[in-house]
Amino acid sequence: QSQLPAGYTLRALRSNDYERGFLDVLTVLTEVGGHTKEEFTDHTITITEDAKDQVVAVGTILVERKFVHKNGLVGHIEDIAVNSNQQGKKLGLRIIQALKFIGAQRGCYKVILDCSEKNVPFYEKCGFKQKEVEMAWYV
Ligand code: ACO
């Protein structure tokens, strides 16, 4: 059911992914920079193209402990990105499936994310429903 194309590997982020194109993948999302290796988090996963040993898709889940909802856990999905020349191969879907699995394993009662209007159909295909409205405040 959750098959990657041949020649790709899904796994947790490794510290040496820094040299394997991890930050390049994120440039499809927004401006990237100013990070050090030490700032990599544990809840980030990657898909690597084996032949090139390059990261081609990435995603992160942060787990929040609520003070409400019986101190339940909520998963927040952030920074989903697939290299421009690798989009449409279901790599984004596999990243989301893996992050949903991690959230469920960690005991989250829901997993949520913010996205642009144009990505709504993608997240619907990944099993998400539109709820509420995003608000933002910029310092
Ligand atoms: N509109 C309609 N359907 C879409 C779209 C879209 N924009 N994008 C994907 N889909 C559909 C696909 O057609 C496919 O449908 P199918 O199962 O019927 O064939 C399904 O969604 C899964 O698509 P994938 O091949 O897994 O998508 P992809 O690997 O290209 O990843 C992603 C999608 C992550 C949005 C990618 O295009 C990307 O990196 N875009 C630029 C960065 C970005 O916008 N990231 C998301 C920010 S939101 C956040 O991070 C929480």
# chains A, B, ... in the order shown; residues from 1 in each chain; ligands from 1
$ residues_near_ligand --ligand "ligand 1" --cutoff "6 Å" --atoms "only C-alpha atoms and all ligand atoms" --output "ChimeraX atom specification"
/A:28-29,77-82,87-93,113-115,118-119,121-122,125
$ write_last_selection --atoms "N, CA and C atoms" --output "PDB file, in the first residue's frame"
ATOM      1  N   VAL A  28      12.334  24.638  -2.479  1.00  0.00           N
ATOM      2  CA  VAL A  28      11.065  24.684  -3.228  1.00  0.00           C
ATOM      3  C   VAL A  28       9.973  25.355  -2.387  1.00  0.00           C
ATOM      4  N   LEU A  29      10.192  25.442  -1.076  1.00  0.00           N
ATOM      5  CA  LEU A  29       9.198  26.031  -0.166  1.00  0.00           C
ATOM      6  C   LEU A  29       9.403  27.527  -0.006  1.00  0.00           C
ATOM      7  N   ILE A  77       2.539  19.058  11.485  1.00  0.00           N
ATOM      8  CA  ILE A  77       3.375  18.776  10.311  1.00  0.00           C
ATOM      9  C   ILE A  77       3.880  20.098   9.738  1.00  0.00           C
ATOM     10  N   GLU A  78       5.174  20.137   9.457  1.00  0.00           N
ATOM     11  CA  GLU A  78       5.823  21.364   8.974  1.00  0.00           C
ATOM     12  C   GLU A  78       6.773  21.049   7.820  1.00  0.00           C
ATOM     13  N   ASP A  79       6.932  22.024   6.949  1.00  0.00           N
ATOM     14  CA  ASP A  79       7.991  22.028   5.935  1.00  0.00           C
ATOM     15  C   ASP A  79       8.074  20.741   5.108  1.00  0.00           C
ATOM     16  N   ILE A  80       6.977  20.455   4.418  1.00  0.00           N
ATOM     17  CA  ILE A  80       6.941  19.349   3.469  1.00  0.00           C
ATOM     18  C   ILE A  80       7.490  19.860   2.147  1.00  0.00           C
ATOM     19  N   ALA A  81       8.468  19.193   1.601  1.00  0.00           N
ATOM     20  CA  ALA A  81       9.053  19.660   0.337  1.00  0.00           C
ATOM     21  C   ALA A  81       9.588  18.488  -0.478  1.00  0.00           C
ATOM     22  N   VAL A  82       9.301  18.537  -1.778  1.00  0.00           N
ATOM     23  CA  VAL A  82       9.796  17.536  -2.728  1.00  0.00           C
ATOM     24  C   VAL A  82      10.532  18.312  -3.817  1.00  0.00           C
ATOM     25  N   GLN A  87       8.662  15.898  -8.270  1.00  0.00           N
ATOM     26  CA  GLN A  87       7.261  15.983  -7.850  1.00  0.00           C
ATOM     27  C   GLN A  87       6.389  15.105  -8.739  1.00  0.00           C
ATOM     28  N   GLY A  88       5.257  14.649  -8.194  1.00  0.00           N
ATOM     29  CA  GLY A  88       4.320  13.815  -8.958  1.00  0.00           C
ATOM     30  C   GLY A  88       4.631  12.335  -8.929  1.00  0.00           C
ATOM     31  N   LYS A  89       5.584  11.908  -8.095  1.00  0.00           N
ATOM     32  CA  LYS A  89       5.929  10.476  -7.978  1.00  0.00           C
ATOM     33  C   LYS A  89       5.411   9.887  -6.678  1.00  0.00           C
ATOM     34  N   LYS A  90       4.503  10.602  -6.028  1.00  0.00           N
ATOM     35  CA  LYS A  90       3.932  10.185  -4.739  1.00  0.00           C
ATOM     36  C   LYS A  90       4.940  10.223  -3.587  1.00  0.00           C
ATOM     37  N   LEU A  91       6.036  10.946  -3.759  1.00  0.00           N
ATOM     38  CA  LEU A  91       7.006  11.047  -2.660  1.00  0.00           C
ATOM     39  C   LEU A  91       6.425  11.910  -1.537  1.00  0.00           C
ATOM     40  N   GLY A  92       5.713  12.983  -1.903  1.00  0.00           N
ATOM     41  CA  GLY A  92       5.070  13.834  -0.890  1.00  0.00           C
ATOM     42  C   GLY A  92       4.056  13.033  -0.087  1.00  0.00           C
ATOM     43  N   LEU A  93       3.252  12.248  -0.792  1.00  0.00           N
ATOM     44  CA  LEU A  93       2.259  11.387  -0.125  1.00  0.00           C
ATOM     45  C   LEU A  93       2.930  10.423   0.850  1.00  0.00           C
ATOM     46  N   LEU A 113      -1.883  20.798  10.158  1.00  0.00           N
ATOM     47  CA  LEU A 113      -0.880  21.556   9.393  1.00  0.00           C
ATOM     48  C   LEU A 113      -1.532  22.774   8.761  1.00  0.00           C
ATOM     49  N   ASP A 114      -0.735  23.745   8.380  1.00  0.00           N
ATOM     50  CA  ASP A 114      -1.177  24.907   7.605  1.00  0.00           C
ATOM     51  C   ASP A 114      -0.661  24.752   6.184  1.00  0.00           C
ATOM     52  N   CYS A 115      -1.486  25.151   5.215  1.00  0.00           N
ATOM     53  CA  CYS A 115      -0.999  25.115   3.827  1.00  0.00           C
ATOM     54  C   CYS A 115      -1.694  26.169   2.994  1.00  0.00           C
ATOM     55  N   LYS A 118      -3.634  26.273  -2.826  1.00  0.00           N
ATOM     56  CA  LYS A 118      -3.309  25.395  -3.958  1.00  0.00           C
ATOM     57  C   LYS A 118      -2.874  24.000  -3.523  1.00  0.00           C
ATOM     58  N   ASN A 119      -2.457  23.857  -2.266  1.00  0.00           N
ATOM     59  CA  ASN A 119      -2.052  22.531  -1.792  1.00  0.00           C
ATOM     60  C   ASN A 119      -3.180  21.757  -1.114  1.00  0.00           C
ATOM     61  N   PRO A 121      -5.856  20.260  -2.385  1.00  0.00           N
ATOM     62  CA  PRO A 121      -6.163  18.945  -3.003  1.00  0.00           C
ATOM     63  C   PRO A 121      -5.128  17.871  -2.650  1.00  0.00           C
ATOM     64  N   PHE A 122      -3.843  18.261  -2.564  1.00  0.00           N
ATOM     65  CA  PHE A 122      -2.797  17.305  -2.185  1.00  0.00           C
ATOM     66  C   PHE A 122      -3.068  16.759  -0.779  1.00  0.00           C
ATOM     67  N   LYS A 125      -5.903  14.394  -0.608  1.00  0.00           N
ATOM     68  CA  LYS A 125      -5.481  13.050  -1.074  1.00  0.00           C
ATOM     69  C   LYS A 125      -4.720  12.314   0.021  1.00  0.00           C
TER      70      LYS A 125
END
$ closest_residue --among "A:Ile102, A:Cys108, A:Ala6, A:Ile95" --to "Arg65 (chain A)" --atoms "only C-alpha atoms"
A:Cys108
$ closest_residue --among "A:Asn83, A:Thr60, A:Thr48, A:Thr9" --to "Asp24 (chain A)" --atoms "only C-alpha atoms"
A:Asn83
$ closest_atom_pairs --of "region 34-120 of chain A" --to "region 11-19 of chain A" --cutoff "6 Å" --atoms "only C-alpha atoms" --output "Markdown table"
| residue | atom | partner | partner_atom | distance |
| --- | --- | --- | --- | --- |
| A:Thr44 | CA | A:Leu13 | CA | 5.5 |
| A:Ile45 | CA | A:Ala12 | CA | 4.3 |
| A:Thr46 | CA | A:Arg11 | CA | 5.6 |
$ write_last_selection --atoms "N, CA and C atoms" --output "PDB file, in the first residue's frame"
ATOM      1  N   THR A  44      12.351  14.752  11.895  1.00  0.00           N
ATOM      2  CA  THR A  44      12.367  15.004  10.453  1.00  0.00           C
ATOM      3  C   THR A  44      12.700  13.716   9.709  1.00  0.00           C
ATOM      4  N   ILE A  45      11.953  13.468   8.629  1.00  0.00           N
ATOM      5  CA  ILE A  45      12.257  12.300   7.798  1.00  0.00           C
ATOM      6  C   ILE A  45      12.602  12.750   6.376  1.00  0.00           C
ATOM      7  N   THR A  46      13.275  11.869   5.676  1.00  0.00           N
ATOM      8  CA  THR A  46      13.711  12.191   4.313  1.00  0.00           C
ATOM      9  C   THR A  46      13.420  11.012   3.388  1.00  0.00           C
TER      10      THR A  46
END
$ select_by_dssp --residues "region 26-101 of chain A" --states "strand (DSSP E or B)" --output "MDAnalysis selection string"
chainID A and resid 44:49 54:65 73:82
$ write_last_selection --atoms "N, CA and C atoms" --output "compact mmCIF listing (two decimals), in the first residue's frame"
# COMPACT_ATOMS: atom_id res chain seq x y z
N THR A 44 12.35 14.75 11.89
CA THR A 44 12.37 15.00 10.45
C THR A 44 12.70 13.72 9.71
N ILE A 45 11.95 13.47 8.63
CA ILE A 45 12.26 12.30 7.80
C ILE A 45 12.60 12.75 6.38
N THR A 46 13.27 11.87 5.68
CA THR A 46 13.71 12.19 4.31
C THR A 46 13.42 11.01 3.39
N ILE A 47 13.33 11.30 2.09
CA ILE A 47 13.41 10.24 1.08
C ILE A 47 14.64 10.54 0.25
N THR A 48 15.47 9.50 0.07
CA THR A 48 16.72 9.64 -0.67
C THR A 48 16.62 8.90 -1.99
N GLU A 49 17.17 9.48 -3.06
CA GLU A 49 17.30 8.76 -4.32
C GLU A 49 18.62 7.98 -4.22
N GLN A 54 21.22 11.27 -2.78
CA GLN A 54 20.78 12.65 -2.54
C GLN A 54 19.39 12.67 -1.92
N VAL A 55 19.19 13.57 -0.98
CA VAL A 55 17.86 13.78 -0.39
C VAL A 55 16.98 14.46 -1.43
N VAL A 56 15.76 13.91 -1.65
CA VAL A 56 14.87 14.50 -2.66
C VAL A 56 13.52 14.94 -2.08
N ALA A 57 13.18 14.47 -0.87
CA ALA A 57 11.92 14.86 -0.24
C ALA A 57 12.10 14.87 1.28
N VAL A 58 11.44 15.84 1.94
CA VAL A 58 11.61 15.98 3.40
C VAL A 58 10.30 16.38 4.06
N GLY A 59 10.22 16.14 5.36
CA GLY A 59 9.05 16.57 6.14
C GLY A 59 9.34 16.42 7.62
N THR A 60 8.63 17.21 8.44
CA THR A 60 8.85 17.22 9.89
C THR A 60 7.53 17.12 10.62
N ILE A 61 7.54 16.41 11.76
CA ILE A 61 6.40 16.47 12.69
C ILE A 61 6.90 16.86 14.07
N LEU A 62 6.25 17.88 14.65
CA LEU A 62 6.54 18.31 16.03
C LEU A 62 5.39 17.82 16.89
N VAL A 63 5.69 17.27 18.05
CA VAL A 63 4.62 16.77 18.93
C VAL A 63 4.47 17.70 20.12
N GLU A 64 3.24 18.22 20.27
CA GLU A 64 2.94 19.21 21.32
C GLU A 64 2.09 18.56 22.41
N ARG A 65 2.47 18.76 23.66
CA ARG A 65 1.65 18.29 24.80
C ARG A 65 0.66 19.39 25.17
N LEU A 73 -1.77 14.73 23.10
CA LEU A 73 -0.68 15.14 22.21
C LEU A 73 -1.24 15.51 20.84
N VAL A 74 -0.71 16.60 20.28
CA VAL A 74 -1.09 17.03 18.92
C VAL A 74 0.17 17.06 18.06
N GLY A 75 0.09 16.45 16.88
CA GLY A 75 1.21 16.48 15.94
C GLY A 75 1.05 17.66 14.98
N HIS A 76 2.14 18.40 14.77
CA HIS A 76 2.13 19.52 13.82
C HIS A 76 3.08 19.19 12.68
N ILE A 77 2.54 19.06 11.49
CA ILE A 77 3.37 18.78 10.31
C ILE A 77 3.88 20.10 9.74
N GLU A 78 5.17 20.14 9.46
CA GLU A 78 5.82 21.36 8.97
C GLU A 78 6.77 21.05 7.82
N ASP A 79 6.93 22.02 6.95
CA ASP A 79 7.99 22.03 5.94
C ASP A 79 8.07 20.74 5.11
N ILE A 80 6.98 20.46 4.42
CA ILE A 80 6.94 19.35 3.47
C ILE A 80 7.49 19.86 2.15
N ALA A 81 8.47 19.19 1.60
CA ALA A 81 9.05 19.66 0.34
C ALA A 81 9.59 18.49 -0.48
N VAL A 82 9.30 18.54 -1.78
CA VAL A 82 9.80 17.54 -2.73
C VAL A 82 10.53 18.31 -3.82
$ select_by_dssp --residues "region 69-115 of chain A" --states "alpha helix (DSSP H)" --output "PyMOL selection string"
chain A and resi 91-106
$ closest_residue --among "A:Cys126, A:Val32, A:Ala136, A:Asn85" --to "Leu99 (chain A)" --atoms "only C-alpha atoms"
A:Cys126
$ decode --residues "region 46-135 of chain A" --atoms "C-alpha atoms" --output "PDB file, in the first residue's frame"
ATOM      1  CA  THR A  46      13.711  12.191   4.313  1.00  0.00           C
ATOM      2  CA  ILE A  47      13.406  10.236   1.075  1.00  0.00           C
ATOM      3  CA  THR A  48      16.723   9.641  -0.668  1.00  0.00           C
ATOM      4  CA  GLU A  49      17.305   8.758  -4.325  1.00  0.00           C
ATOM      5  CA  ASP A  50      19.627   5.804  -3.788  1.00  0.00           C
ATOM      6  CA  ALA A  51      21.624   5.989  -7.040  1.00  0.00           C
ATOM      7  CA  LYS A  52      22.609   9.614  -6.413  1.00  0.00           C
ATOM      8  CA  ASP A  53      22.704   9.373  -2.597  1.00  0.00           C
ATOM      9  CA  GLN A  54      20.776  12.650  -2.544  1.00  0.00           C
ATOM     10  CA  VAL A  55      17.859  13.776  -0.388  1.00  0.00           C
ATOM     11  CA  VAL A  56      14.871  14.498  -2.657  1.00  0.00           C
ATOM     12  CA  ALA A  57      11.916  14.860  -0.241  1.00  0.00           C
ATOM     13  CA  VAL A  58      11.613  15.980   3.398  1.00  0.00           C
ATOM     14  CA  GLY A  59       9.050  16.568   6.139  1.00  0.00           C
ATOM     15  CA  THR A  60       8.853  17.225   9.891  1.00  0.00           C
ATOM     16  CA  ILE A  61       6.396  16.467  12.688  1.00  0.00           C
ATOM     17  CA  LEU A  62       6.540  18.307  16.028  1.00  0.00           C
ATOM     18  CA  VAL A  63       4.624  16.767  18.926  1.00  0.00           C
ATOM     19  CA  GLU A  64       2.935  19.207  21.318  1.00  0.00           C
ATOM     20  CA  ARG A  65       1.653  18.289  24.797  1.00  0.00           C
ATOM     21  CA  LYS A  66      -1.668  20.129  25.371  1.00  0.00           C
ATOM     22  CA  PHE A  67      -2.824  21.557  28.687  1.00  0.00           C
ATOM     23  CA  VAL A  68      -6.403  20.945  27.475  1.00  0.00           C
ATOM     24  CA  HIS A  69      -7.865  17.732  25.964  1.00  0.00           C
ATOM     25  CA  LYS A  70      -6.742  15.666  28.980  1.00  0.00           C
ATOM     26  CA  ASN A  71      -3.115  16.649  28.312  1.00  0.00           C
ATOM     27  CA  GLY A  72      -3.343  14.933  24.919  1.00  0.00           C
ATOM     28  CA  LEU A  73      -0.681  15.138  22.211  1.00  0.00           C
ATOM     29  CA  VAL A  74      -1.091  17.025  18.923  1.00  0.00           C
ATOM     30  CA  GLY A  75       1.212  16.484  15.937  1.00  0.00           C
ATOM     31  CA  HIS A  76       2.132  19.523  13.823  1.00  0.00           C
ATOM     32  CA  ILE A  77       3.375  18.776  10.311  1.00  0.00           C
ATOM     33  CA  GLU A  78       5.823  21.364   8.974  1.00  0.00           C
ATOM     34  CA  ASP A  79       7.991  22.028   5.935  1.00  0.00           C
ATOM     35  CA  ILE A  80       6.941  19.349   3.469  1.00  0.00           C
ATOM     36  CA  ALA A  81       9.053  19.660   0.337  1.00  0.00           C
ATOM     37  CA  VAL A  82       9.796  17.536  -2.728  1.00  0.00           C
ATOM     38  CA  ASN A  83      12.488  18.574  -5.250  1.00  0.00           C
ATOM     39  CA  SER A  84      10.858  20.275  -8.260  1.00  0.00           C
ATOM     40  CA  ASN A  85      12.128  17.587 -10.660  1.00  0.00           C
ATOM     41  CA  GLN A  86      10.829  14.771  -8.396  1.00  0.00           C
ATOM     42  CA  GLN A  87       7.261  15.983  -7.850  1.00  0.00           C
ATOM     43  CA  GLY A  88       4.320  13.815  -8.958  1.00  0.00           C
ATOM     44  CA  LYS A  89       5.929  10.476  -7.978  1.00  0.00           C
ATOM     45  CA  LYS A  90       3.932  10.185  -4.739  1.00  0.00           C
ATOM     46  CA  LEU A  91       7.006  11.047  -2.660  1.00  0.00           C
ATOM     47  CA  GLY A  92       5.070  13.834  -0.890  1.00  0.00           C
ATOM     48  CA  LEU A  93       2.259  11.387  -0.125  1.00  0.00           C
ATOM     49  CA  ARG A  94       4.752   8.863   1.318  1.00  0.00           C
ATOM     50  CA  ILE A  95       6.341  11.553   3.510  1.00  0.00           C
ATOM     51  CA  ILE A  96       2.898  12.495   4.873  1.00  0.00           C
ATOM     52  CA  GLN A  97       1.930   8.851   5.433  1.00  0.00           C
ATOM     53  CA  ALA A  98       5.163   8.283   7.383  1.00  0.00           C
ATOM     54  CA  LEU A  99       4.644  11.444   9.501  1.00  0.00           C
ATOM     55  CA  LYS A 100       1.015  10.432  10.242  1.00  0.00           C
ATOM     56  CA  PHE A 101       2.317   7.017  11.328  1.00  0.00           C
ATOM     57  CA  ILE A 102       4.916   8.633  13.640  1.00  0.00           C
ATOM     58  CA  GLY A 103       2.189  10.900  15.102  1.00  0.00           C
ATOM     59  CA  ALA A 104      -0.122   7.932  15.716  1.00  0.00           C
ATOM     60  CA  GLN A 105       2.729   5.879  17.258  1.00  0.00           C
ATOM     61  CA  ARG A 106       3.622   8.787  19.551  1.00  0.00           C
ATOM     62  CA  GLY A 107      -0.023   8.829  20.738  1.00  0.00           C
ATOM     63  CA  CYS A 108      -1.277  12.029  19.066  1.00  0.00           C
ATOM     64  CA  TYR A 109      -5.071  12.331  18.975  1.00  0.00           C
ATOM     65  CA  LYS A 110      -4.813  14.528  15.845  1.00  0.00           C
ATOM     66  CA  VAL A 111      -2.224  15.758  13.360  1.00  0.00           C
ATOM     67  CA  ILE A 112      -2.649  19.244  11.861  1.00  0.00           C
ATOM     68  CA  LEU A 113      -0.880  21.556   9.393  1.00  0.00           C
ATOM     69  CA  ASP A 114      -1.177  24.907   7.605  1.00  0.00           C
ATOM     70  CA  CYS A 115      -0.999  25.115   3.827  1.00  0.00           C
ATOM     71  CA  SER A 116      -1.790  27.345   0.857  1.00  0.00           C
ATOM     72  CA  GLU A 117      -5.097  27.039  -1.023  1.00  0.00           C
ATOM     73  CA  LYS A 118      -3.309  25.395  -3.958  1.00  0.00           C
ATOM     74  CA  ASN A 119      -2.052  22.531  -1.792  1.00  0.00           C
ATOM     75  CA  VAL A 120      -5.498  21.691  -0.375  1.00  0.00           C
ATOM     76  CA  PRO A 121      -6.163  18.945  -3.003  1.00  0.00           C
ATOM     77  CA  PHE A 122      -2.797  17.305  -2.185  1.00  0.00           C
ATOM     78  CA  TYR A 123      -3.543  17.197   1.558  1.00  0.00           C
ATOM     79  CA  GLU A 124      -7.074  15.926   0.883  1.00  0.00           C
ATOM     80  CA  LYS A 125      -5.481  13.050  -1.074  1.00  0.00           C
ATOM     81  CA  CYS A 126      -3.346  12.473   2.043  1.00  0.00           C
ATOM     82  CA  GLY A 127      -6.494  12.106   4.181  1.00  0.00           C
ATOM     83  CA  PHE A 128      -6.731  15.605   5.713  1.00  0.00           C
ATOM     84  CA  LYS A 129      -9.893  17.745   5.944  1.00  0.00           C
ATOM     85  CA  GLN A 130     -10.122  21.545   5.971  1.00  0.00           C
ATOM     86  CA  LYS A 131     -10.871  22.886   9.485  1.00  0.00           C
ATOM     87  CA  GLU A 132     -10.723  26.357  11.043  1.00  0.00           C
ATOM     88  CA  VAL A 133      -8.630  29.254   9.664  1.00  0.00           C
ATOM     89  CA  GLU A 134      -4.900  30.032   9.933  1.00  0.00           C
ATOM     90  CA  MET A 135      -3.969  33.320  11.654  1.00  0.00           C
TER      91      MET A 135
END
